[in-house]
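Peer 1: What follows is the file run37.txt, containing compact mmCIF, C-alpha atoms:
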# COMPACT_ATOMS: atom_id res chain seq x y z
CA MET X 1 -1.61 18.87 -12.78
CA ALA X 2 -4.53 18.09 -10.51
CA ILE X 3 -3.93 15.72 -7.60
CA PRO X 4 -6.44 12.83 -7.63
CA ASP X 5 -9.01 12.90 -4.85
CA TRP X 6 -9.03 9.37 -3.42
CA LYS X 7 -11.46 10.06 -0.58
CA THR X 8 -14.55 7.89 -0.38
CA GLY X 9 -16.13 9.21 2.83
CA PHE X 10 -16.38 5.67 4.19
CA GLU X 11 -15.38 4.90 7.78
CA PRO X 12 -14.82 1.23 8.75
CA ALA X 13 -16.63 -0.05 11.82
CA PRO X 14 -14.98 0.93 15.14
CA ASP X 15 -14.09 -2.68 16.00
CA THR X 16 -12.30 -3.33 12.68
CA SER X 17 -8.87 -2.38 14.02
CA ALA X 18 -9.28 -4.59 17.09
CA ALA X 19 -10.43 -7.50 14.91
CA ILE X 20 -7.38 -7.12 12.64
CA ARG X 21 -5.06 -6.96 15.65
CA MET X 22 -6.45 -10.24 16.94
CA ILE X 23 -6.34 -12.19 13.67
CA ARG X 24 -2.86 -11.01 12.62
CA PRO X 25 -0.80 -13.20 15.01
CA LEU X 26 -2.96 -16.22 14.21
CA LEU X 27 -2.44 -15.79 10.46
CA ILE X 28 1.31 -15.39 10.89
CA LEU X 29 1.38 -18.49 13.11
CA PHE X 30 -0.33 -20.39 10.28
CA MET X 31 2.34 -19.10 7.88
CA THR X 32 5.12 -20.50 10.06
CA PHE X 33 3.74 -24.03 9.53
CA ALA X 34 5.09 -23.88 5.98
CA HIS X 35 8.64 -23.92 7.40
CA LEU X 36 8.38 -26.82 9.81
CA PHE X 37 11.36 -28.79 8.53
CA ILE X 38 10.10 -32.03 10.03
CA ILE X 39 7.13 -32.13 7.65
CA ASN X 40 7.85 -33.03 4.02
CA HIS X 41 4.44 -32.77 2.41
CA VAL X 42 5.74 -32.31 -1.15
CA GLY X 43 6.79 -35.94 -1.36
CA TRP X 44 3.28 -37.09 -0.49
CA MET X 45 1.68 -34.71 -3.00
CA ASN X 46 3.94 -35.74 -5.87
CA SER X 47 3.20 -39.45 -5.51
CA ALA X 48 -0.08 -41.09 -4.59
CA ALA X 49 -0.02 -42.37 -1.01
CA THR X 50 -2.26 -44.20 1.40
CA LEU X 51 -4.95 -41.99 2.92
CA ASP X 52 -4.49 -42.27 6.66
CA PHE X 53 -4.66 -39.67 9.42
CA ASP X 54 -0.87 -39.17 9.59
CA ASN X 55 -0.47 -38.43 5.88
CA TRP X 56 -3.62 -36.31 5.80
CA LEU X 57 -2.56 -34.21 8.82
CA MET X 58 0.88 -33.56 7.35
CA VAL X 59 -0.60 -32.22 4.12
CA PHE X 60 -3.42 -30.38 5.94
CA LEU X 61 -0.90 -28.36 7.98
CA LYS X 62 1.53 -27.44 5.21
CA ALA X 63 -0.63 -27.35 2.09
CA GLY X 64 -3.75 -26.07 3.84
CA LEU X 65 -3.37 -24.03 7.02
CA ALA X 66 0.09 -22.76 6.08
CA LYS X 67 -1.30 -21.13 2.92
CA SER X 68 -4.24 -19.48 4.68
CA GLY X 69 -2.29 -16.60 6.23
CA VAL X 70 -1.03 -14.75 3.15
CA PRO X 71 -4.37 -14.22 1.33
CA LEU X 72 -6.22 -12.57 4.22
CA LEU X 73 -3.19 -10.52 5.28
CA SER X 74 -3.00 -9.26 1.68
CA LEU X 75 -6.72 -8.49 1.63
CA ILE X 76 -6.47 -6.57 4.90
CA SER X 77 -3.49 -4.64 3.50
CA GLY X 78 -5.49 -3.64 0.44
CA TYR X 79 -8.44 -2.60 2.60
CA LEU X 80 -6.26 -0.43 4.84
CA ALA X 81 -4.22 0.87 1.90
CA VAL X 82 -7.18 2.98 0.79
CA VAL X 83 -7.34 4.52 4.26
CA SER X 84 -3.61 5.32 4.09
CA LEU X 85 -3.93 6.78 0.59
CA GLU X 86 -6.75 9.06 1.70
CA ARG X 87 -4.79 10.18 4.75
CA TYR X 88 -1.23 10.57 3.41
CA GLY X 89 -1.28 10.59 -0.39
CA TYR X 90 0.49 8.21 -2.74
CA PHE X 91 4.15 9.15 -2.32
CA ARG X 92 4.02 9.36 1.47
CA VAL X 93 2.37 5.93 1.50
CA LEU X 94 5.20 4.54 -0.64
CA TRP X 95 7.80 6.05 1.70
CA ARG X 96 6.08 4.73 4.80
CA LYS X 97 5.69 1.26 3.29
CA ALA X 98 9.31 1.27 2.10
CA LYS X 99 10.38 1.70 5.73
CA ARG X 100 7.89 -0.97 6.82
CA LEU X 101 8.48 -3.52 4.05
CA VAL X 102 11.60 -2.89 1.93
CA TRP X 103 13.90 -1.99 4.82
CA PRO X 104 13.17 -5.25 6.73
CA LEU X 105 13.34 -7.16 3.43
CA PHE X 106 16.91 -5.91 2.99
CA TRP X 107 18.21 -6.36 6.52
CA PHE X 108 16.60 -9.67 7.44
CA ASN X 109 17.62 -11.27 4.15
CA LEU X 110 21.17 -9.93 4.41
CA LEU X 111 21.45 -11.21 7.97
CA PHE X 112 20.08 -14.59 6.91
CA ILE X 113 22.66 -14.83 4.12
CA ILE X 114 25.54 -14.01 6.45
CA LEU X 115 24.46 -16.25 9.33
CA ILE X 116 22.89 -19.18 7.50
CA THR X 117 22.92 -19.37 3.68
CA TYR X 118 26.56 -18.46 3.03
CA PRO X 119 28.06 -20.85 5.65
CA ALA X 120 25.65 -23.64 4.68
CA GLN X 121 26.27 -23.29 0.94
CA SER X 122 30.05 -23.26 1.50
CA GLN X 123 29.70 -26.74 3.01
CA ASP X 124 26.97 -28.07 0.74
CA PRO X 125 26.33 -26.54 -2.72
CA MET X 126 22.87 -28.13 -2.74
CA VAL X 127 21.67 -25.70 -0.06
CA ARG X 128 19.49 -23.25 -2.01
CA PRO X 129 21.13 -24.17 -5.34
CA ASP X 130 18.92 -21.57 -7.06
CA LEU X 131 20.94 -18.80 -5.35
CA GLU X 132 24.61 -18.09 -6.08
CA ILE X 133 25.81 -17.11 -2.62
CA TYR X 134 29.11 -19.01 -2.20
CA PRO X 135 31.65 -18.10 -3.38
CA PHE X 136 30.64 -14.46 -3.09
CA ASN X 137 28.56 -13.38 -6.07
CA LEU X 138 27.20 -9.82 -6.00
CA TYR X 139 24.29 -10.57 -8.34
CA GLY X 140 23.39 -13.69 -6.37
CA TRP X 141 23.42 -11.74 -3.11
CA PHE X 142 21.27 -9.04 -4.72
CA GLN X 143 18.73 -11.65 -5.85
CA ALA X 144 18.68 -13.29 -2.42
CA THR X 145 18.25 -9.95 -0.66
CA PHE X 146 15.56 -8.30 -2.77
CA ALA X 147 13.68 -11.35 -4.13
CA TYR X 148 14.82 -10.41 -7.63
CA TYR X 149 13.11 -13.09 -9.76
CA LYS X 150 13.94 -15.61 -7.00
CA LEU X 151 12.72 -16.57 -3.57
CA PRO X 152 14.88 -14.57 -1.15
CA ALA X 153 17.35 -16.16 1.26
CA ASN X 154 14.84 -15.78 4.11
CA GLU X 155 12.12 -17.38 2.01
CA PRO X 156 8.87 -16.11 3.61
CA LEU X 157 10.03 -12.51 3.08
CA TYR X 158 8.95 -12.74 -0.56
CA PHE X 159 5.65 -11.54 0.88
CA LEU X 160 7.21 -8.15 1.68
CA LYS X 161 8.46 -7.66 -1.87
CA ASP X 162 5.14 -8.68 -3.44
CA LEU X 163 3.16 -6.56 -0.99
CA TYR X 164 5.26 -3.47 -1.73
CA THR X 165 4.61 -4.01 -5.43
CA CYS X 166 0.90 -3.93 -4.59
CA PHE X 167 1.39 -0.49 -3.04
CA LEU X 168 3.22 0.66 -6.16
CA LEU X 169 0.11 -0.35 -8.12
CA LEU X 170 -2.31 1.14 -5.58
CA PRO X 171 -3.59 4.13 -7.66
CA LEU X 172 -4.21 1.88 -10.67
CA LEU X 173 -5.97 -0.78 -8.60
CA LEU X 174 -8.11 1.81 -6.81
CA ALA X 175 -9.03 3.47 -10.11
CA LEU X 176 -10.07 0.08 -11.53
CA SER X 177 -12.15 -0.65 -8.44
CA ARG X 178 -14.21 2.49 -9.07
CA ILE X 179 -15.19 1.41 -12.60
CA LYS X 180 -17.96 -1.04 -11.78
CA VAL X 181 -18.21 -2.51 -15.27
CA LEU X 182 -14.56 -3.58 -15.02
CA ASN X 183 -14.67 -5.09 -11.52
CA MET X 184 -15.75 -8.58 -12.58
CA LEU X 185 -13.44 -8.61 -15.60
CA VAL X 186 -10.46 -7.72 -13.42
CA ILE X 187 -11.44 -10.37 -10.85
CA ILE X 188 -11.68 -13.06 -13.56
CA TRP X 189 -8.37 -11.97 -15.10
CA MET X 190 -6.62 -12.04 -11.74
CA ALA X 191 -8.20 -15.36 -10.77
CA TYR X 192 -6.92 -16.90 -14.00
CA LYS X 193 -3.40 -15.70 -13.22
CA CYS X 194 -3.66 -17.08 -9.68
CA ILE X 195 -4.90 -20.49 -10.79
CA TYR X 196 -2.29 -21.00 -13.49
CA LEU X 197 0.57 -19.46 -11.47
CA LYS X 198 1.26 -16.52 -13.75
CA SER X 199 3.81 -14.08 -12.35
CA ALA X 200 3.66 -10.83 -14.34
CA PHE X 201 1.07 -8.15 -13.68
CA PHE X 202 1.44 -6.96 -17.28
CA PHE X 203 5.02 -7.70 -18.31
CA GLU X 204 7.87 -9.75 -16.85
CA VAL X 205 9.50 -6.61 -15.48
CA PHE X 206 10.72 -6.34 -11.90
CA PRO X 207 9.17 -5.37 -9.53
CA LEU X 208 5.84 -5.92 -11.38
CA TRP X 209 6.59 -9.64 -11.18
CA PHE X 210 4.95 -11.55 -8.38
CA ILE X 211 6.19 -14.68 -6.69
CA ARG X 212 2.55 -15.28 -5.68
CA PHE X 213 -0.06 -13.52 -7.78
CA ASP X 214 -2.76 -14.31 -5.23
CA ILE X 215 -1.21 -11.55 -3.09
CA VAL X 216 -2.15 -8.78 -5.52
CA PHE X 217 -5.49 -10.50 -6.19
CA ALA X 218 -6.39 -10.47 -2.49
CA PHE X 219 -5.03 -6.92 -2.19
CA TYR X 220 -7.40 -5.84 -4.97
CA ILE X 221 -10.35 -7.60 -3.31
CA GLY X 222 -9.55 -5.63 -0.14
CA ILE X 223 -9.64 -2.40 -2.13
CA LEU X 224 -12.95 -3.43 -3.67
CA LEU X 225 -14.48 -4.14 -0.27
CA TYR X 226 -13.46 -0.70 0.96
CA THR X 227 -14.70 0.96 -2.24
CA TRP X 228 -18.01 -0.87 -1.86
CA GLN X 229 -18.08 0.33 1.77
CA LYS X 230 -18.20 -3.16 3.26
CA ASP X 231 -17.00 -3.95 6.78
CA LEU X 232 -14.49 -6.74 7.28
CA VAL X 233 -16.24 -7.88 10.45
CA ILE X 234 -19.37 -9.97 9.83
CA ARG X 235 -22.07 -9.56 12.50
CA ASN X 236 -24.09 -12.70 11.80
CA GLN X 237 -22.60 -15.49 13.94
CA ARG X 238 -24.23 -18.26 11.93
CA ILE X 239 -22.57 -16.97 8.78
CA ASN X 240 -19.23 -16.82 10.60
CA LEU X 241 -19.53 -20.41 11.80
CA ALA X 242 -20.58 -21.51 8.31
CA LEU X 243 -17.53 -19.79 6.78
CA VAL X 244 -15.18 -21.45 9.26
CA GLY X 245 -16.83 -24.81 8.56
CA LEU X 246 -16.50 -24.24 4.80
CA PHE X 247 -12.81 -23.46 5.19
CA LEU X 248 -12.11 -26.56 7.27
CA ALA X 249 -14.17 -28.80 5.00
CA ALA X 250 -12.60 -27.50 1.77
CA THR X 251 -9.08 -27.72 3.20
CA GLY X 252 -9.73 -31.16 4.66
CA LEU X 253 -11.14 -32.56 1.42
CA ALA X 254 -8.38 -30.99 -0.67
CA SER X 255 -5.75 -32.42 1.67
CA ALA X 256 -7.25 -35.89 1.25
CA MET X 257 -7.13 -35.45 -2.52
CA TYR X 258 -3.52 -34.25 -2.35
CA VAL X 259 -2.59 -37.46 -0.54
CA VAL X 260 -4.32 -40.03 -2.75
CA LEU X 261 -3.56 -38.43 -6.13
CA ALA X 262 -0.16 -37.76 -7.67
CA ARG X 263 0.23 -34.09 -8.51
CA PRO X 264 2.22 -34.61 -11.76
CA GLU X 265 -0.68 -36.65 -13.16
CA HIS X 266 -3.41 -34.16 -12.14
CA VAL X 267 -1.74 -30.76 -12.47
CA ASN X 268 -4.83 -28.73 -13.44
CA LEU X 269 -6.96 -30.36 -10.73
CA PHE X 270 -4.36 -29.46 -8.11
CA LEU X 271 -4.09 -25.88 -9.39
CA TRP X 272 -7.85 -25.38 -9.15
CA ALA X 273 -7.98 -27.06 -5.73
CA ASP X 274 -5.22 -24.77 -4.44
CA PHE X 275 -7.18 -21.73 -5.60
CA VAL X 276 -10.44 -22.95 -4.02
CA VAL X 277 -8.64 -23.62 -0.73
CA LYS X 278 -7.16 -20.11 -0.73
CA VAL X 279 -10.56 -18.51 -1.42
CA CYS X 280 -12.18 -20.59 1.32
CA SER X 281 -9.31 -19.75 3.66
CA VAL X 282 -10.03 -16.03 3.27
CA ALA X 283 -13.71 -16.59 4.00
CA GLY X 284 -12.95 -18.88 6.94
CA CYS X 285 -10.36 -16.57 8.47
CA VAL X 286 -12.74 -13.62 8.14
CA GLY X 287 -15.24 -15.76 10.03
CA ILE X 288 -12.66 -16.49 12.74
CA MET X 289 -11.74 -12.81 12.94
CA SER X 290 -15.40 -11.83 13.27
CA LEU X 291 -16.02 -14.41 15.98
CA LEU X 292 -13.00 -13.19 17.94
CA ALA X 293 -14.19 -9.58 17.65
CA SER X 294 -17.79 -10.29 18.63
CA GLN X 295 -17.10 -12.75 21.45
CA PRO X 296 -14.03 -11.49 23.32
CA GLY X 297 -12.57 -14.03 25.70
CA ARG X 298 -9.28 -15.53 26.83
CA ILE X 299 -8.14 -16.44 23.31
CA SER X 300 -8.97 -12.95 22.05
CA ARG X 301 -6.98 -11.37 24.88
CA VAL X 302 -3.96 -13.58 24.22
CA LEU X 303 -4.02 -12.80 20.49
CA HIS X 304 -4.45 -9.09 21.19
CA TRP X 305 -1.42 -9.21 23.51
CA LEU X 306 0.66 -11.10 20.91
CA SER X 307 -0.28 -8.82 18.03
CA PRO X 308 2.56 -6.25 18.47
CA TYR X 309 5.08 -9.11 18.21
CA ALA X 310 3.50 -10.82 15.19
CA TYR X 311 5.50 -8.96 12.53
CA THR X 312 8.76 -9.70 14.35
CA LEU X 313 7.73 -13.36 14.50
CA PHE X 314 7.21 -13.31 10.74
CA LEU X 315 10.64 -11.75 10.13
CA THR X 316 12.61 -13.96 12.50
CA HIS X 317 10.90 -17.35 12.78
CA LEU X 318 13.05 -18.96 10.08
CA PHE X 319 16.20 -18.01 12.02
CA THR X 320 14.80 -19.64 15.15
CA PHE X 321 13.58 -22.71 13.29
CA TYR X 322 16.97 -23.22 11.63
CA PHE X 323 19.14 -22.89 14.73
CA PHE X 324 16.68 -24.82 16.92
CA THR X 325 16.58 -27.69 14.43
CA ARG X 326 20.36 -27.78 14.07
CA GLY X 327 20.83 -27.81 17.85
CA TYR X 328 18.12 -30.43 18.32
CA ARG X 329 19.69 -32.79 15.80
CA ASP X 330 23.16 -32.29 17.28
CA TYR X 331 22.13 -33.49 20.73
CA LEU X 332 18.93 -35.50 20.33
CA PRO X 333 17.65 -38.23 18.02
CA SER X 334 15.85 -37.00 14.92
CA PRO X 335 12.22 -36.24 15.87
CA GLN X 336 9.41 -38.29 14.36
CA PHE X 337 6.42 -36.19 13.37
CA PHE X 338 3.80 -38.73 14.43
CA GLU X 339 5.40 -39.55 17.79
CA ILE X 340 5.88 -37.70 21.08
CA SER X 341 9.31 -36.49 19.95
CA GLY X 342 7.77 -34.79 16.91
CA VAL X 343 5.02 -33.09 18.94
CA LEU X 344 7.52 -31.81 21.50
CA TYR X 345 9.86 -30.66 18.74
CA ILE X 346 7.17 -28.63 16.97
CA LEU X 347 5.67 -27.12 20.12
CA SER X 348 9.09 -26.24 21.56
CA MET X 349 10.21 -24.63 18.30
CA LEU X 350 7.02 -22.58 17.92
CA LEU X 351 7.11 -21.40 21.53
CA LEU X 352 10.79 -20.49 21.21
CA ALA X 353 10.10 -18.54 18.00
CA ILE X 354 7.34 -16.60 19.76
CA ALA X 355 9.57 -15.94 22.79
CA VAL X 356 12.43 -14.73 20.58
CA SER X 357 10.12 -12.35 18.71
CA ILE X 358 8.83 -10.93 22.01
CA LEU X 359 12.37 -10.42 23.33
CA LEU X 360 13.62 -8.82 20.11
CA LYS X 361 10.62 -6.50 19.74
CA SER X 362 10.80 -5.49 23.41
CA ALA X 363 14.54 -4.83 23.18
CA TRP X 364 14.13 -2.76 20.00
CA SER X 365 11.30 -0.72 21.54
CA TRP X 366 13.42 -0.11 24.65
CA LEU X 367 16.36 1.08 22.53
CA LEU X 368 14.14 3.44 20.53
CA ALA X 369 12.58 4.85 23.70
CA LYS X 370 16.01 5.39 25.23
CA ARG X 371 17.24 7.10 22.08
CA ARG X 372 14.24 9.46 22.01
CA ALA X 373 14.73 10.28 25.70
CA SER X 374 18.36 11.21 25.13
CA ALA X 375 17.63 13.29 22.00
Would you mind giving the structure from this file in structure tokens?
Peer 2:
Amino acid sequence: MAIPDWKTGFEPAPDTSAAIRMIRPLLILFMTFAHLFIINHVGWMNSAATLDFDNWLMVFLKAGLAKSGVPLLSLISGYLAVVSLERYGYFRVLWRKAKRLVWPLFWFNLLFIILITYPAQSQDPMVRPDLEIYPFNLYGWFQATFAYYKLPANEPLYFLKDLYTCFLLLPLLLALSRIKVLNMLVIIWMAYKCIYLKSAFFFEVFPLWFIRFDIVFAFYIGILLYTWQKDLVIRNQRINLALVGLFLAATGLASAMYVVLARPEHVNLFLWADFVVKVCSVAGCVGIMSLLASQPGRISRVLHWLSPYAYTLFLTHLFTFYFFTRGYRDYLPSPQFFEISGVLYILSMLLLAIAVSILLKSAWSWLLAKRRASA
């Protein structure tokens, strides 16, 4: 049986890697906004409210910026997946990504169950009632660990499960990307599934079931861009500024709509608005990434320095948020989002989460270096 030749002969621009390193921590920081416990944006979106700056900002952060990290990270993963496939072959890619994605999915969910979900559910059954954790239930623990038709215990780690499924589908997606007459049909089909929150790629069979279908959609767009030999970094600064402006305008307008309209009464409108915001977020974040790459400065240097710790921040921020919030409420009055206490609470929690990720990553790297030296 002949082994498929995936090579395209395309080499991304030399500054692509640096651009990705700089945007990664910013995208993951955006993702952490979704888990700021002090902000309850769902209540505002489910019932029409007064449009004022406080309500708008709350929705803008959690329904806008917080959703902007996953699509571009997925697109970048698809773009780089073709490079990995050319270099290592399919099965080596799956093995490498299993160590990078599935292994952390297992350990950081299991640790979250033991430290947080199990004790919390033993005291209050309404903590994650969708998961059967307490009393001990093997199937419930399996679901919570591997995101088996449920959000996992450590909720943001669903991204790891969905992203690994994308790599399982990589040869099929790459083959489709090379059939030009099918490209637009596949894009429309995937967009439809994204808009109407469909989960199955073909059938409702795990793992080909996505918690967020926009992940595989963005992954496929990344593959297309590589197949079409397009750079991720845009050189025209006016275009970059326009893309960033489009992203902020679309997210701002959608956030205003989310506040003044009740979601249950305008379901289709909200679904389409969510999709438009995600598309604009990809364009806007590409613009930000390109600006950072073309105009290096203090912000670029800070993001470049934080980049090695970004993945650890993604894996651990919910631990930090949970224990910080519990400690804060034990000793201090409940913070108010629109007051000084709320600002200090959010900034302190974010800074602590970043510090914890730096300490953990540094400690792990030191242990690995020591182990190699003694081998």
Peer 1: Compile the contact shell of Ala353 of chain X as a ChimeraX atom specification: residues with an atom at most 12 Å away, counting all atoms listed in the file, same-chain residues fewer than 5 positions apart removed.
Peer 2: /X:28-29,32-33,35-36,309-325,346-348,358-360
Peer 1: Take the selection from the previous step and output its residues with C-alpha atoms, as a PDB file, in the coordinates of the input.
Peer 2:
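The result, stored in part-v8.pdb:
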ATOM      1  CA  ILE X  28       1.310 -15.390  10.890  1.00  0.00           C
ATOM      2  CA  LEU X  29       1.380 -18.490  13.110  1.00  0.00           C
ATOM      3  CA  THR X  32       5.120 -20.500  10.060  1.00  0.00           C
ATOM      4  CA  PHE X  33       3.740 -24.030   9.530  1.00  0.00           C
ATOM      5  CA  HIS X  35       8.640 -23.920   7.400  1.00  0.00           C
ATOM      6  CA  LEU X  36       8.380 -26.820   9.810  1.00  0.00           C
ATOM      7  CA  TYR X 309       5.080  -9.110  18.210  1.00  0.00           C
ATOM      8  CA  ALA X 310       3.500 -10.820  15.190  1.00  0.00           C
ATOM      9  CA  TYR X 311       5.500  -8.960  12.530  1.00  0.00           C
ATOM     10  CA  THR X 312       8.760  -9.700  14.350  1.00  0.00           C
ATOM     11  CA  LEU X 313       7.730 -13.360  14.500  1.00  0.00           C
ATOM     12  CA  PHE X 314       7.210 -13.310  10.740  1.00  0.00           C
ATOM     13  CA  LEU X 315      10.640 -11.750  10.130  1.00  0.00           C
ATOM     14  CA  THR X 316      12.610 -13.960  12.500  1.00  0.00           C
ATOM     15  CA  HIS X 317      10.900 -17.350  12.780  1.00  0.00           C
ATOM     16  CA  LEU X 318      13.050 -18.960  10.080  1.00  0.00           C
ATOM     17  CA  PHE X 319      16.200 -18.010  12.020  1.00  0.00           C
ATOM     18  CA  THR X 320      14.800 -19.640  15.150  1.00  0.00           C
ATOM     19  CA  PHE X 321      13.580 -22.710  13.290  1.00  0.00           C
ATOM     20  CA  TYR X 322      16.970 -23.220  11.630  1.00  0.00           C
ATOM     21  CA  PHE X 323      19.140 -22.890  14.730  1.00  0.00           C
ATOM     22  CA  PHE X 324      16.680 -24.820  16.920  1.00  0.00           C
ATOM     23  CA  THR X 325      16.580 -27.690  14.430  1.00  0.00           C
ATOM     24  CA  ILE X 346       7.170 -28.630  16.970  1.00  0.00           C
ATOM     25  CA  LEU X 347       5.670 -27.120  20.120  1.00  0.00           C
ATOM     26  CA  SER X 348       9.090 -26.240  21.560  1.00  0.00           C
ATOM     27  CA  ILE X 358       8.830 -10.930  22.010  1.00  0.00           C
ATOM     28  CA  LEU X 359      12.370 -10.420  23.330  1.00  0.00           C
ATOM     29  CA  LEU X 360      13.620  -8.820  20.110  1.00  0.00           C
TER      30      LEU X 360
END
Peer 1: Excluding Pro25 of chain X and residues on its chain fewer than 6 positions from it, collect all residues at most 12 Å away from it, counting all atoms listed in the file, and give them as a tab-separated table (two decimals) with C-alpha atoms, keeping the file's coordinate frame.
Peer 2:
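Below you can see around_34.tsv, which holds the result:
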chain	number	residue	atom	x	y	z
X	19	ALA	CA	-10.43	-7.50	14.91
X	31	MET	CA	2.34	-19.10	7.88
X	32	THR	CA	5.12	-20.50	10.06
X	69	GLY	CA	-2.29	-16.60	6.23
X	70	VAL	CA	-1.03	-14.75	3.15
X	73	LEU	CA	-3.19	-10.52	5.28
X	289	MET	CA	-11.74	-12.81	12.94
X	299	ILE	CA	-8.14	-16.44	23.31
X	300	SER	CA	-8.97	-12.95	22.05
X	301	ARG	CA	-6.98	-11.37	24.88
X	302	VAL	CA	-3.96	-13.58	24.22
X	303	LEU	CA	-4.02	-12.80	20.49
X	304	HIS	CA	-4.45	-9.09	21.19
X	305	TRP	CA	-1.42	-9.21	23.51
X	306	LEU	CA	0.66	-11.10	20.91
X	307	SER	CA	-0.28	-8.82	18.03
X	308	PRO	CA	2.56	-6.25	18.47
X	309	TYR	CA	5.08	-9.11	18.21
X	310	ALA	CA	3.50	-10.82	15.19
X	311	TYR	CA	5.50	-8.96	12.53
X	312	THR	CA	8.76	-9.70	14.35
X	313	LEU	CA	7.73	-13.36	14.50
X	314	PHE	CA	7.21	-13.31	10.74
X	354	ILE	CA	7.34	-16.60	19.76
X	357	SER	CA	10.12	-12.35	18.71
Peer 1: Let me make sure I understand: among X:Gly78, X:Pro71, X:Gly252, X:Gly284, which one has the smallest atom-to-atom distance to Gly222 of chain X if we use only C-alpha atoms?
Peer 2: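 Looking at the shortest contact to Gly222 of chain X, the residue is X:Gly78.
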Peer 1: At a cut-off of 10 Å, using all atoms listed in the file, what residues contact segment 209-217 of chain X? Leave out same-chain residues fewer than 6 positions from it and give the result as a PyMOL selection string.
Peer 2: chain X and resi 70-75+77-78+147-151+158-159+161-167+169-170+173+186-203+223+275+278-279
Peer 1: Between atom CA of Leu115 of chain X and atom CA of Tyr328 of chain X, what is the distance in Å, rounded to a tenth?
Peer 2: 17.9 Å
Peer 1: Have a look at atom CA of Ser177 of chain X and atom CA of Arg87 of chain X and let me know their distance in Å, one decimal.
Peer 2: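 Going from atom CA of Ser177 of chain X over to atom CA of Arg87 of chain X, I get 18.6 Å.
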Peer 1: Determine the nearest neighbour of Phe142 of chain X from the options X:Asn109, X:Ser365, X:Asn240, X:Asn268, counting all atoms listed in the file.
Peer 2: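 Counting all atoms listed in the file, the residue closest to Phe142 of chain X is X:Asn109.
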Peer 1: Nearest residue to Ile20 of chain X out of X:Val233, X:Ala48, X:Leu241, X:Leu65, using all atoms listed in the file?
Peer 2: X:Val233
Peer 1: Could you jot down the atom CA of Tyr79 of chain X to atom CA of Phe270 of chain X separation for me, Å, one decimal place?
Peer 2: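 Rounded to one decimal, the two atoms are 29.2 Å apart.
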Peer 1: When you count only C-alpha atoms, which of these residues is closest to Ile133 of chain X: X:Thr50, X:Ser84, X:Gln121, X:Asn183?
Peer 2: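 When distances to Ile133 of chain X are compared using only C-alpha atoms, the smallest one comes from X:Gln121.
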